[in-house]
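Trainee: Below you'll find the structure I mean.
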Protein chains: 4
Amino acid sequence: MKAVVYQGPFSVAVEEVPDPELMHPNDVIVKITSSCICGSDLHMYEGRTAAEPGIVFGHENMGVIEDVGSAVKTLSVGDRVVMPFNVGCGFCKNCQRGFTGFCVTVNPGFAGGAYGYVAMGPWRGGQAEYIQVPYADFNCLPLPAGDAFEWDFSLLADIFPTGYHGTELADVSPGESVAVWGAGPVGLMAIYSCVIRGAAEIYSIDHVQERLDKASEIGAIPINFDDGDPVEQIRDMRGGDGVDKTVDAVGYQAAAQGSSAAGGEQVEVPNVVLNQMIDLINPTGIMGIPGLYVPSDPGGVDEGAKRGALSINFGKLFEKGLKLGTGQCNVKQYNAYLRDLIISGKATPSFVVSHEVPLDDAVDAYHKFDKRIDGYTKVILKP
Amino acid sequence: MKAVVYQGPFSVAVEEVPDPELMHPNDVIVKITSSCICGSDLHMYEGRTAAEPGIVFGHENMGVIEDVGSAVKTLSVGDRVVMPFNVGCGFCKNCQRGFTGFCVTVNPGFAGGAYGYVAMGPWRGGQAEYIQVPYADFNCLPLPAGDAFEWDFSLLADIFPTGYHGTELADVSPGESVAVWGAGPVGLMAIYSCVIRGAAEIYSIDHVQERLDKASEIGAIPINFDDGDPVEQIRDMRGGDGVDKTVDAVGYQAAAQGSSAAGGEQVEVPNVVLNQMIDLINPTGIMGIPGLYVPSDPGGVDEGAKRGALSINFGKLFEKGLKLGTGQCNVKQYNAYLRDLIISGKATPSFVVSHEVPLDDAVDAYHKFDKRIDGYTKVILKP
Amino acid sequence: MKAVVYQGPFSVAVEEVPDPELMHPNDVIVKITSSCICGSDLHMYEGRTAAEPGIVFGHENMGVIEDVGSAVKTLSVGDRVVMPFNVGCGFCKNCQRGFTGFCVTVNPGFAGGAYGYVAMGPWRGGQAEYIQVPYADFNCLPLPAGDAFEWDFSLLADIFPTGYHGTELADVSPGESVAVWGAGPVGLMAIYSCVIRGAAEIYSIDHVQERLDKASEIGAIPINFDDGDPVEQIRDMRGGDGVDKTVDAVGYQAAAQGSSAAGGEQVEVPNVVLNQMIDLINPTGIMGIPGLYVPSDPGGVDEGAKRGALSINFGKLFEKGLKLGTGQCNVKQYNAYLRDLIISGKATPSFVVSHEVPLDDAVDAYHKFDKRIDGYTKVILKP
Amino acid sequence: MKAVVYQGPFSVAVEEVPDPELMHPNDVIVKITSSCICGSDLHMYEGRTAAEPGIVFGHENMGVIEDVGSAVKTLSVGDRVVMPFNVGCGFCKNCQRGFTGFCVTVNPGFAGGAYGYVAMGPWRGGQAEYIQVPYADFNCLPLPAGDAFEWDFSLLADIFPTGYHGTELADVSPGESVAVWGAGPVGLMAIYSCVIRGAAEIYSIDHVQERLDKASEIGAIPINFDDGDPVEQIRDMRGGDGVDKTVDAVGYQAAAQGSSAAGGEQVEVPNVVLNQMIDLINPTGIMGIPGLYVPSDPGGVDEGAKRGALSINFGKLFEKGLKLGTGQCNVKQYNAYLRDLIISGKATPSFVVSHEVPLDDAVDAYHKFDKRIDGYTKVILKP
């Protein structure tokens with residue numbers, strides 16, 4: 001079958017690889033109908049990870065079941081399903097408590113597995129024609145038959161739940177004020193989740209105008225940080241008050257204010273979002289941090305950043321009595337509920353999708369997505 | 001000053017009563033700008049309680065501060081405020097844990113106080129020109145100056161938080177399915193709160209078409225129980241499935257199916273909603289019960305009902321592993337958040353208001369509201 | 001192999017039955033080392049259920065793994081394990097949220113499965129030499145090798161978690177006052193769980209002196225309800241105050257006050273515990289109800305009781321703003337934590353075990369346990 | 001009256017100061033019977049804060065009511081009470097949600113007030129004969145009359161609730177493993193709270209042998225960090241496993257490993273505890289941080305520390321999906337429950353008290369406590 005295979009920094013290819021097979025009685029094989037490219041794929045694509053050539057990318061996968069292992073109970077050939085990007089077993093100490101992003105079974109020696117991702121276990125990605133799904137009863141979310149909501153459902157694999165996870169970590173509740181850093185796909189999904197959860201005021205902080213426009217369309221107040229300190233901008237709007245909750249949908253590759261305004265190279269300041277959140281949030285607040293921070297970053301801006309150590313205004317954080325929550329999303333905690341919002345017409349996250357292209361065009365799509373050319377912000381590959 | 005004074009069953013009058021005065025250093029006097037008539041006022045009006053003639057009605061009060069006690073810290077003459085229907089002290093064991101509807105200070109010998117209500121303490125109601133508010137720093141919610149959102153804000157005293165309380169008791173969460181019994185003002189506010197909290201499917205059960213129409217307009221699926229068992233109707237719509245959560249916004253004066261369809265006298269079946277909820281809800285569900293049940297009802301349909309004892313399908317409730325929560329709303333837990341939703345334009349609960357009339361027309365308004373004449377469903381009195 | 005087989009009311013036999021086999025790749029076969037008789041086995045034994053002759057009893061099972069299915073990941077022959085009485089799949093909508101007592105996979109058409117119990121699915125009981133365990137990775141809790149803590153660990157299958165569940169449903173927290181109805185094995189485990197959770201005052205209500213003595217030994221204040229209304233007794237001790245939380249470890253077969261005092265037949269009053277709890281508990285309290293209530297009881301005391309409908313003081317319950325939680329225990333939510341308390345020496349629940357007898361003596365053990373002869377209160381069968 | 005007055009670094013004096021008076025109708029005057037010296041008093045004493053000479057110390061106060069303001073409702077002359085170290089109003093947006101340590105009323109411009117502490121508002125301390133208590137209905141916790149439990153109750157003002165707060169922030173639950181950094185008075189109270197909450201394994205990390213001995217006596221496993229990396233020591237004991245939860249009862253003045261072992265000056269490493277916690281804790285864990293971190297520390301070890309910026313292994317924290325909670329204790333959330341544990345005999349925190357001395361000996365007591373001479377670890381001053 002064909003698959004997107006990593007060749008080295010800034011290079012992927014669509015190659016023939018062996019078809020996946022049922023390796024275990026609890027496996028199924030899914031014929032991919034949609035597989036999205038994720039911003040986190042670009043971490044590997046850009047050579048900012050330890051990924052070796054040969055890896056098949058793709059952790060945002062949906063499709064139709066092609067083959068079913070002998071121990072599988074609830075799934076049949078022909079069922080339409082979407083899989084969380086995390087691979088979980090369903091029975092380890094973390095999965096059983098809902099922490100399916102921290103499964104200790106599927107990726108020995110580490111808490112957490114995923115498809116097509118460096119260091120996340122042996123699970124081949126789904127930017128391909130087929131994918132093997134282990135513990136299929138646990139890892140497949142059933143969808144209505146047919147092709148309705150294909151774009152919306154494909155976002156259930158990762159970014160819709162991940163954005164939602166940010167609001168869950170921050171315990172965003174009706175009537176609250178929230179500031180969301182980052183208006184890329186995950187940031188927009190976090191904003192959209194704030195809307196779903198009934199927030200009263202939502203501030204969207206970014207410096208890409210197109211993103212801020214989208215944020216504004218779904219109900220957020222746009223704050224362009226190239227126009228000045230976003231903390232001051234928001235406090236000015238609120239008569240000096242801060243916000244109840246914050247969400248970091250940026251992570252460690254945060255851009256310095258104004259750094260790309262004149263078309264120059266963007267300068268990374270890995271702790272800027274964390275410290276701005278601490279500065280803006282009101283005492284007793286909670287910060288949700290789904291944005292990625294890594295313990296090892298060869299391209300880090302300084303010695304601390306290379307090993308994931310950041311200078312954080314912890315004295316201020318303590319003085320305010322803040323709480324924070326981090327970590328990759330436990331997709332399975334949310335995906336059935338978010339699916340039902342899509343089916344009932346209460347949520348349409350596909351507004352974030354910019355392009356759908358054939359799997360064969362993946363090389364071009366990666367290039368344009370990475371360079372943010374032609375408005376490539378969220379791309380779905382169709383085998 | 002003028003005030004609405006209870007005369008006896010089915011009789012109120014607008015009479016002169018003494019002006020309220022500051023009785024305690026923590027008091028304020030509020031000049032009423034809006035005071036709503038509540039469905040629970042009708043319990044007294046209809047003689048279904050122990051209320052004695054002479055009581056001044058009105059527990060849904062808002063206005064402008066006219067006078068301030070010497071110990072009051074945060075309020076000034078001229079401030080616009082709305083008061084929760086519950087009177088709380090702010091420091092007793094219940095108030096300090098947020099259970100402001102169960103204050104043990106303001107109504108000696110009982111947990112819970114309110115304005116203008118039988119057995120809820122000595123606090124005169126606000127269907128009048130002025131009202132005394134004790135523990136004013138605690139009991140007054142500040143509002144923006146002016147007269148914007150007057151109708152919306154007036155609903156913060158009771159029915160918007162009370163409807164919301166039903167969804168909080170049931171822990172209604174994004175993506176869930178919910179059935180709400182009752183589409184009167186509180187039921188509509190519960191439905192509206194389900195919308196705010198991101199429910200995927202909301203079923204509204206009533207038998208008054210106008211109410212069901214309003215429920216439908218705000219996003220609920222209407223179920224007329226005069227057309228057949230609502231449990232069966234909903235299961236049929238859902239392929240046999242039940243719902244995740246239920247809210248009882250009816251209480252003990254529940255109507256039997258079809259009992260008023262032919263224009264006859266409505267027959268009360270006080271346990272019908274509770275048992276239908278137990279029947280419909282899925283195992284592991286939670287039932288939120290803001291609808292009123294009373295421990296003593298002289299007009300009860302049988303000996304059990306007279307002392308608040310109802311036949312409940314507890315075996316089924318246990319088999320399903322259900323949870324339930326009850327009780328009057330602790331308004332102060334929600335009112336600031338709901339106010340902020342109104343200010344930001346994210347909530348407009350005033351759609352439920354049918355009439356605004358001068359205080360002088362209160363006699364007529366009570367009569368029409370009680371008989372549901374001329375579409376009187378939610379009435380605001382203006383002194 | 002030998003197994004305890006139900007013959008009809010008040011009759012069991014130890015018979016030869018076919019050895020269990022691996023039926024599914026996720027199964028294991030466990031060689032039983034200990035299997036307890038549970039109070040709920042007596043419901044079947046006494047003919048108070050629809051159990052048909054031929055059923056093999058036993059849902060409190062522990063032992064050593066004898067054979068392992070091909071799909072099992074984390075277990076090996078020789079591993080010592082204890083199984084929750086509930087059978088769960090680990091991946092259905094209820095199991096994944098922790099409600100493993102309400103699995104919708106293992107007992108088609110019903111939410112919840114168990115070993116050796118009427119209407120709980122096809123899973124043969126473990127009062128036998130061997131047992132088949134489905135979804136073994138999910139359903140087996142690993143234990144340290146050897147035979148240490150055998151009695152304590154055997155209680156992890158049901159009664160220790162079930163008693164704990166009562167305190168979890170009531171959210172018993174440090175410093176609170178709690179009243180626990182019933183001081184049988186589950187009641188004692190609930191009291192013990194209150195101790196573990198740091199309750200300040202624990203009242204144990206029963207009318208069997210030996211039970212009250214045990215409750216007293218582990219730190220509870222004994223209340224014999226044959227001496228007078230337990231609500232009044234406790235209020236008298238507390239200067240009129242009620243309690244923060246209550247736990248019902250009795251269920252529907254509750255005894256009337258004084259009914260067996262003179263040696264006469266015990267009279268059942270199925271709603272007595274529920275209404276006493278409502279009476280005693282303070283406003284805003286929570287009632288945890290692990291005690292069994294059933295939707296169909298052929299031996300019920302009246303027409304309502306036969307179909308599980310009980311007269312409950314719901315008006316009072318509402319006036320106090322109470323919450324309640326019910327249902328069979330989701331053992332897997334607690335068993336690993338309780339196991340670790342046993343291993344660390346912080347919990348020794350085996351004080352509740354009265355007898356250990358050979359499997360061959362099961363007929364005698366059932367008889368004595370049912371009649372409460374010779375102090376039979378908790379019996380472990382040893383194959 | 002006499003009071004302990006700050007003179008400058010390492011100098012206090014017992015001086016005559018004016019008697020406090022009722023300044024507001026909600027005030028009471030309390031005649032102090034016990035007032036403890038707190039480790040955080042030493043921050044001021046050692047000149048590590050902006051405290052100016054003249055401040056009266058003392059935020060751990062209990063006594064008997066001497067005079068009552070005209071608006072006070074529930075207190076009378078002669079009542080025995082203990083006051084939380086935080087001063088709260090009871091009605092601001094933070095107090096009403098239970099965050100009484102972040103009151104926005106009592107210390108204008110800042111969230112949080114306290115008695116006798118720099119920058120915490122105008123509230124004079126209680127190391128004196130009398131103290132003025134504002135919002136007395138809210139800030140006084142009633143105690144049984146007499147002098148029973150005097151030492152235990154005095155700890156309800158701060159360190160018992162503060163230690164407990166660490167376990168609440170970490171959500172320490174029955175059966176969990178917990179590591180507590182610091183075995184000073186607050187650390188011991190955190191360990192004791194872990195015991196109360198039913199933890200299975202508790203590790204106490206310090207390098208003062210007397211403290212580790214006390215920790216061991218109440219059930220913790222002592223880990224002396226001068227003997228080697230505490231993370232490795234604990235992992236070795238646990239077969240490589242980490243712990244479920246951690247509590248930081250040290251804060252920013254953390255000592256480097258071995259730094260004082262040879263009697264030399266202790267070297268501060270302000271981020272050492274935070275990073276060790278991140279290292280030891282298992283994925284999905286929660287870190288409770290009641291230990292003090294400050295946004296401005298003139299004596300900080302480097303430029304970052306001087307402004308409260310610490311290098312934190314945030315990449316690792318994220319990878320593990322950790323949560324953390326910080327901030328000063330909201331004493332009023334816990335003090336009534338902890339009082340009831342003392343009264344019922346279930347908690348006896350006074351084991352941590354080392355000395356009781358007359359107020360007149362305060363100068364000597366401060367000196368010895370600061371230098372840790374003669375076993376001065378927790379001192380109560382008696383006027």
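The way I read the labels, and the way they are meant: chains A, B, ... in the order of the structure tokens, residue 1 as the first residue of every chain, and ligand 1 as the first ligand shown, with later ones counted on from there.
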Select residues of chain A: the criterion is any atom within 9 Å of an atom of chain B, counting only C-alpha atoms; output as a list in words.
Mentor: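 So the residues of chain A near chain B are Ser173, Pro174, Gly175, Glu176, Ser177, Val195, Ile196, Arg197, Gly198, Ala199, Ala200, Glu201, Tyr334, Ala336, Tyr337, Leu338, Arg339, Asp340, Leu341, Ile342, Ile343, Ser344, Gly345, Lys346 and Ala347 of chain A.
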Trainee: So which bits of segment 207-364 of chain A end up strand (DSSP E) when you DSSP the backbone, as a PyMOL selection string?
Mentor: chain A and resi 221-224+243-248+281-289+309-313+323-326+355-358
Trainee: Report, in Å to a single decimal, how far apart atom CA of Val56 of chain C and atom CA of Tyr6 of chain C are.
Mentor: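 Separation between atom CA of Tyr6 of chain C and atom CA of Val56 of chain C: 6.3 Å.
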Trainee: Could you pull the residues within 10 Å of Cys89 of chain A, counting only C-alpha atoms, minus those fewer than 6 positions along the same chain, as a list in words?
Mentor: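 Once the adjacent positions are removed, what remains is Cys95, Gln96, Thr100, Cys103, Val104, Thr105, Val106, Gly113, Pro134, Tyr135, Ala136, Asp137, Phe138 and Asn139 of chain A; Lys73, Gly90, Phe91, Asp137 and Phe138 of chain C.
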Trainee: Go ahead and write the selection's residues with N, CA and C atoms as an mmCIF file, in the first residue's frame.
Mentor:
data_model
loop_
_atom_site.group_PDB
_atom_site.id
_atom_site.type_symbol
_atom_site.label_atom_id
_atom_site.label_comp_id
_atom_site.auth_asym_id
_atom_site.auth_seq_id
_atom_site.Cartn_x
_atom_site.Cartn_y
_atom_site.Cartn_z
ATOM 1 N N CYS A 95 -5.006 3.835 31.988
ATOM 2 C CA CYS A 95 -6.205 3.752 31.133
ATOM 3 C C CYS A 95 -7.468 3.584 31.972
ATOM 4 N N GLN A 96 -7.408 2.739 33.009
ATOM 5 C CA GLN A 96 -8.638 2.476 33.757
ATOM 6 C C GLN A 96 -9.118 3.705 34.514
ATOM 7 N N THR A 100 -5.912 7.804 29.204
ATOM 8 C CA THR A 100 -5.568 6.946 28.066
ATOM 9 C C THR A 100 -4.392 7.500 27.269
ATOM 10 N N CYS A 103 -1.010 5.443 28.731
ATOM 11 C CA CYS A 103 -1.058 3.975 28.822
ATOM 12 C C CYS A 103 0.340 3.418 29.061
ATOM 13 N N VAL A 104 0.447 2.504 30.009
ATOM 14 C CA VAL A 104 1.768 1.927 30.279
ATOM 15 C C VAL A 104 1.951 0.544 29.636
ATOM 16 N N THR A 105 0.980 0.150 28.832
ATOM 17 C CA THR A 105 1.070 -1.163 28.189
ATOM 18 C C THR A 105 1.618 -1.089 26.761
ATOM 19 N N VAL A 106 1.204 -0.080 26.013
ATOM 20 C CA VAL A 106 1.410 -0.128 24.556
ATOM 21 C C VAL A 106 2.763 0.415 24.095
ATOM 22 N N GLY A 113 1.269 6.073 24.246
ATOM 23 C CA GLY A 113 1.581 5.606 22.898
ATOM 24 C C GLY A 113 0.769 6.352 21.870
ATOM 25 N N PRO A 134 -4.619 -1.632 17.475
ATOM 26 C CA PRO A 134 -4.637 -2.624 18.550
ATOM 27 C C PRO A 134 -5.762 -2.344 19.543
ATOM 28 N N TYR A 135 -6.064 -3.310 20.370
ATOM 29 C CA TYR A 135 -7.124 -3.157 21.377
ATOM 30 C C TYR A 135 -8.294 -2.399 20.749
ATOM 31 N N ALA A 136 -8.787 -2.969 19.683
ATOM 32 C CA ALA A 136 -9.698 -2.230 18.804
ATOM 33 C C ALA A 136 -11.012 -1.884 19.491
ATOM 34 N N ASP A 137 -11.524 -2.775 20.325
ATOM 35 C CA ASP A 137 -12.778 -2.443 21.024
ATOM 36 C C ASP A 137 -12.606 -1.162 21.838
ATOM 37 N N PHE A 138 -11.407 -0.976 22.349
ATOM 38 C CA PHE A 138 -11.143 0.207 23.163
ATOM 39 C C PHE A 138 -10.795 1.419 22.309
ATOM 40 N N ASN A 139 -10.057 1.210 21.230
ATOM 41 C CA ASN A 139 -9.484 2.344 20.494
ATOM 42 C C ASN A 139 -10.313 2.853 19.315
ATOM 43 N N LYS C 73 -2.414 -10.091 27.875
ATOM 44 C CA LYS C 73 -1.153 -9.362 27.744
ATOM 45 C C LYS C 73 -0.303 -9.364 29.015
ATOM 46 N N GLY C 90 -14.177 -3.416 30.021
ATOM 47 C CA GLY C 90 -13.103 -2.424 29.977
ATOM 48 C C GLY C 90 -13.233 -1.402 28.879
ATOM 49 N N PHE C 91 -14.136 -1.623 27.931
ATOM 50 C CA PHE C 91 -14.167 -0.690 26.803
ATOM 51 C C PHE C 91 -15.545 -0.115 26.503
ATOM 52 N N ASP C 137 -7.147 -9.313 31.508
ATOM 53 C CA ASP C 137 -6.267 -8.176 31.816
ATOM 54 C C ASP C 137 -7.024 -7.115 32.604
ATOM 55 N N PHE C 138 -8.283 -6.990 32.306
ATOM 56 C CA PHE C 138 -9.101 -5.978 32.981
ATOM 57 C C PHE C 138 -9.622 -6.471 34.322
#
Trainee: I'd like to know which residues of segment 208-329 of chain C are helix (DSSP H, G or I) (by DSSP, run on the backbone); could you write them as a PyMOL selection string?
Mentor: chain C and resi 209-217+225-227+230-237+272-280+303-306+314-319
Trainee: Only N, CA, C and O atoms, please: the residues just picked out, written as a short mmCIF file (atom, residue, chain, number, x, y, z; two decimals), in the first residue's frame.
Mentor:
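What follows is the written file again12.cif:
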data_model
loop_
_atom_site.label_atom_id
_atom_site.label_comp_id
_atom_site.auth_asym_id
_atom_site.auth_seq_id
_atom_site.Cartn_x
_atom_site.Cartn_y
_atom_site.Cartn_z
N GLN C 209 -26.03 -7.55 68.86
CA GLN C 209 -25.02 -7.03 69.76
C GLN C 209 -23.60 -7.37 69.32
O GLN C 209 -22.68 -6.55 69.46
N GLU C 210 -23.40 -8.59 68.77
CA GLU C 210 -22.04 -8.98 68.36
C GLU C 210 -21.53 -8.04 67.27
O GLU C 210 -20.35 -7.70 67.23
N ARG C 211 -22.43 -7.68 66.37
CA ARG C 211 -22.03 -6.76 65.30
C ARG C 211 -21.66 -5.39 65.88
O ARG C 211 -20.67 -4.78 65.50
N LEU C 212 -22.51 -4.91 66.76
CA LEU C 212 -22.25 -3.60 67.37
C LEU C 212 -20.94 -3.61 68.15
O LEU C 212 -20.22 -2.61 68.17
N ASP C 213 -20.64 -4.74 68.76
CA ASP C 213 -19.38 -4.84 69.48
C ASP C 213 -18.20 -4.70 68.53
O ASP C 213 -17.21 -4.03 68.83
N LYS C 214 -18.29 -5.37 67.39
CA LYS C 214 -17.20 -5.25 66.40
C LYS C 214 -17.10 -3.81 65.90
O LYS C 214 -16.00 -3.28 65.72
N ALA C 215 -18.24 -3.19 65.64
CA ALA C 215 -18.23 -1.80 65.18
C ALA C 215 -17.54 -0.91 66.19
O ALA C 215 -16.75 -0.02 65.86
N SER C 216 -17.84 -1.17 67.44
CA SER C 216 -17.25 -0.39 68.51
C SER C 216 -15.74 -0.58 68.57
O SER C 216 -14.98 0.37 68.75
N GLU C 217 -15.32 -1.82 68.37
CA GLU C 217 -13.88 -2.10 68.41
C GLU C 217 -13.10 -1.32 67.35
O GLU C 217 -11.93 -1.00 67.56
N PHE C 225 -30.87 -0.28 67.69
CA PHE C 225 -32.18 0.31 67.37
C PHE C 225 -33.33 -0.41 68.07
O PHE C 225 -34.46 0.08 68.05
N ASP C 226 -33.05 -1.56 68.67
CA ASP C 226 -34.09 -2.17 69.50
C ASP C 226 -34.26 -1.41 70.81
O ASP C 226 -35.26 -1.58 71.52
N ASP C 227 -33.31 -0.55 71.12
CA ASP C 227 -33.41 0.26 72.34
C ASP C 227 -34.19 1.55 72.13
O ASP C 227 -34.33 2.36 73.06
N PRO C 230 -33.29 5.11 66.45
CA PRO C 230 -31.87 5.45 66.36
C PRO C 230 -31.64 6.93 66.05
O PRO C 230 -30.63 7.49 66.46
N VAL C 231 -32.59 7.55 65.36
CA VAL C 231 -32.45 8.98 65.06
C VAL C 231 -32.45 9.78 66.36
O VAL C 231 -31.60 10.65 66.58
N GLU C 232 -33.37 9.45 67.21
CA GLU C 232 -33.43 10.16 68.49
C GLU C 232 -32.21 9.87 69.36
O GLU C 232 -31.67 10.77 70.01
N GLN C 233 -31.79 8.62 69.36
CA GLN C 233 -30.60 8.28 70.16
C GLN C 233 -29.40 9.11 69.74
O GLN C 233 -28.65 9.62 70.57
N ILE C 234 -29.22 9.22 68.43
CA ILE C 234 -28.03 9.95 67.94
C ILE C 234 -28.19 11.45 68.18
O ILE C 234 -27.25 12.12 68.62
N ARG C 235 -29.37 11.98 67.91
CA ARG C 235 -29.58 13.41 68.18
C ARG C 235 -29.36 13.73 69.66
O ARG C 235 -28.78 14.77 70.00
N ASP C 236 -29.79 12.84 70.49
CA ASP C 236 -29.58 13.07 71.93
C ASP C 236 -28.09 13.14 72.26
O ASP C 236 -27.66 13.99 73.05
N MET C 237 -27.34 12.26 71.66
CA MET C 237 -25.88 12.26 71.90
C MET C 237 -25.22 13.51 71.36
O MET C 237 -24.13 13.87 71.80
N VAL C 272 -37.50 1.61 55.94
CA VAL C 272 -37.21 2.21 57.24
C VAL C 272 -35.85 2.89 57.28
O VAL C 272 -35.70 3.99 57.85
N VAL C 273 -34.85 2.28 56.67
CA VAL C 273 -33.52 2.88 56.71
C VAL C 273 -33.49 4.17 55.91
O VAL C 273 -32.95 5.19 56.36
N LEU C 274 -34.08 4.16 54.72
CA LEU C 274 -34.07 5.37 53.89
C LEU C 274 -34.72 6.53 54.63
O LEU C 274 -34.19 7.65 54.66
N ASN C 275 -35.87 6.30 55.24
CA ASN C 275 -36.55 7.40 55.90
C ASN C 275 -35.87 7.84 57.19
O ASN C 275 -35.89 9.02 57.54
N GLN C 276 -35.24 6.90 57.88
CA GLN C 276 -34.46 7.31 59.06
C GLN C 276 -33.26 8.16 58.64
O GLN C 276 -32.91 9.13 59.31
N MET C 277 -32.64 7.79 57.55
CA MET C 277 -31.50 8.58 57.06
C MET C 277 -31.95 10.00 56.74
O MET C 277 -31.27 10.98 57.09
N ILE C 278 -33.06 10.12 56.02
CA ILE C 278 -33.58 11.44 55.67
C ILE C 278 -33.88 12.25 56.92
O ILE C 278 -33.67 13.47 56.97
N ASP C 279 -34.33 11.56 57.94
CA ASP C 279 -34.69 12.22 59.20
C ASP C 279 -33.46 12.71 59.95
O ASP C 279 -33.44 13.81 60.50
N LEU C 280 -32.42 11.90 59.96
CA LEU C 280 -31.25 12.22 60.78
C LEU C 280 -30.28 13.19 60.13
O LEU C 280 -29.68 14.04 60.80
N GLU C 303 -47.68 -4.74 48.03
CA GLU C 303 -47.68 -4.69 46.57
C GLU C 303 -46.57 -3.78 46.04
O GLU C 303 -45.94 -4.07 45.03
N GLY C 304 -46.38 -2.65 46.70
CA GLY C 304 -45.31 -1.76 46.29
C GLY C 304 -43.96 -2.44 46.38
O GLY C 304 -43.17 -2.44 45.43
N ALA C 305 -43.68 -3.01 47.53
CA ALA C 305 -42.38 -3.63 47.75
C ALA C 305 -42.11 -4.74 46.74
O ALA C 305 -40.97 -4.96 46.32
N LYS C 306 -43.14 -5.43 46.34
CA LYS C 306 -42.95 -6.52 45.37
C LYS C 306 -42.38 -6.00 44.05
O LYS C 306 -41.69 -6.73 43.33
N PHE C 314 -40.02 12.22 50.51
CA PHE C 314 -39.31 13.01 49.52
C PHE C 314 -39.44 14.51 49.77
O PHE C 314 -38.54 15.29 49.44
N GLY C 315 -40.55 14.91 50.37
CA GLY C 315 -40.70 16.33 50.70
C GLY C 315 -39.63 16.78 51.68
O GLY C 315 -39.02 17.84 51.53
N LYS C 316 -39.38 15.97 52.66
CA LYS C 316 -38.33 16.29 53.64
C LYS C 316 -36.95 16.23 53.00
O LYS C 316 -36.09 17.10 53.25
N LEU C 317 -36.75 15.23 52.17
CA LEU C 317 -35.48 15.08 51.45
C LEU C 317 -35.18 16.34 50.63
O LEU C 317 -34.06 16.86 50.64
N PHE C 318 -36.22 16.84 49.95
CA PHE C 318 -36.04 18.05 49.13
C PHE C 318 -35.80 19.27 50.01
O PHE C 318 -34.93 20.09 49.74
N GLU C 319 -36.61 19.38 51.06
CA GLU C 319 -36.48 20.56 51.93
C GLU C 319 -35.07 20.69 52.48
O GLU C 319 -34.56 21.79 52.65
#
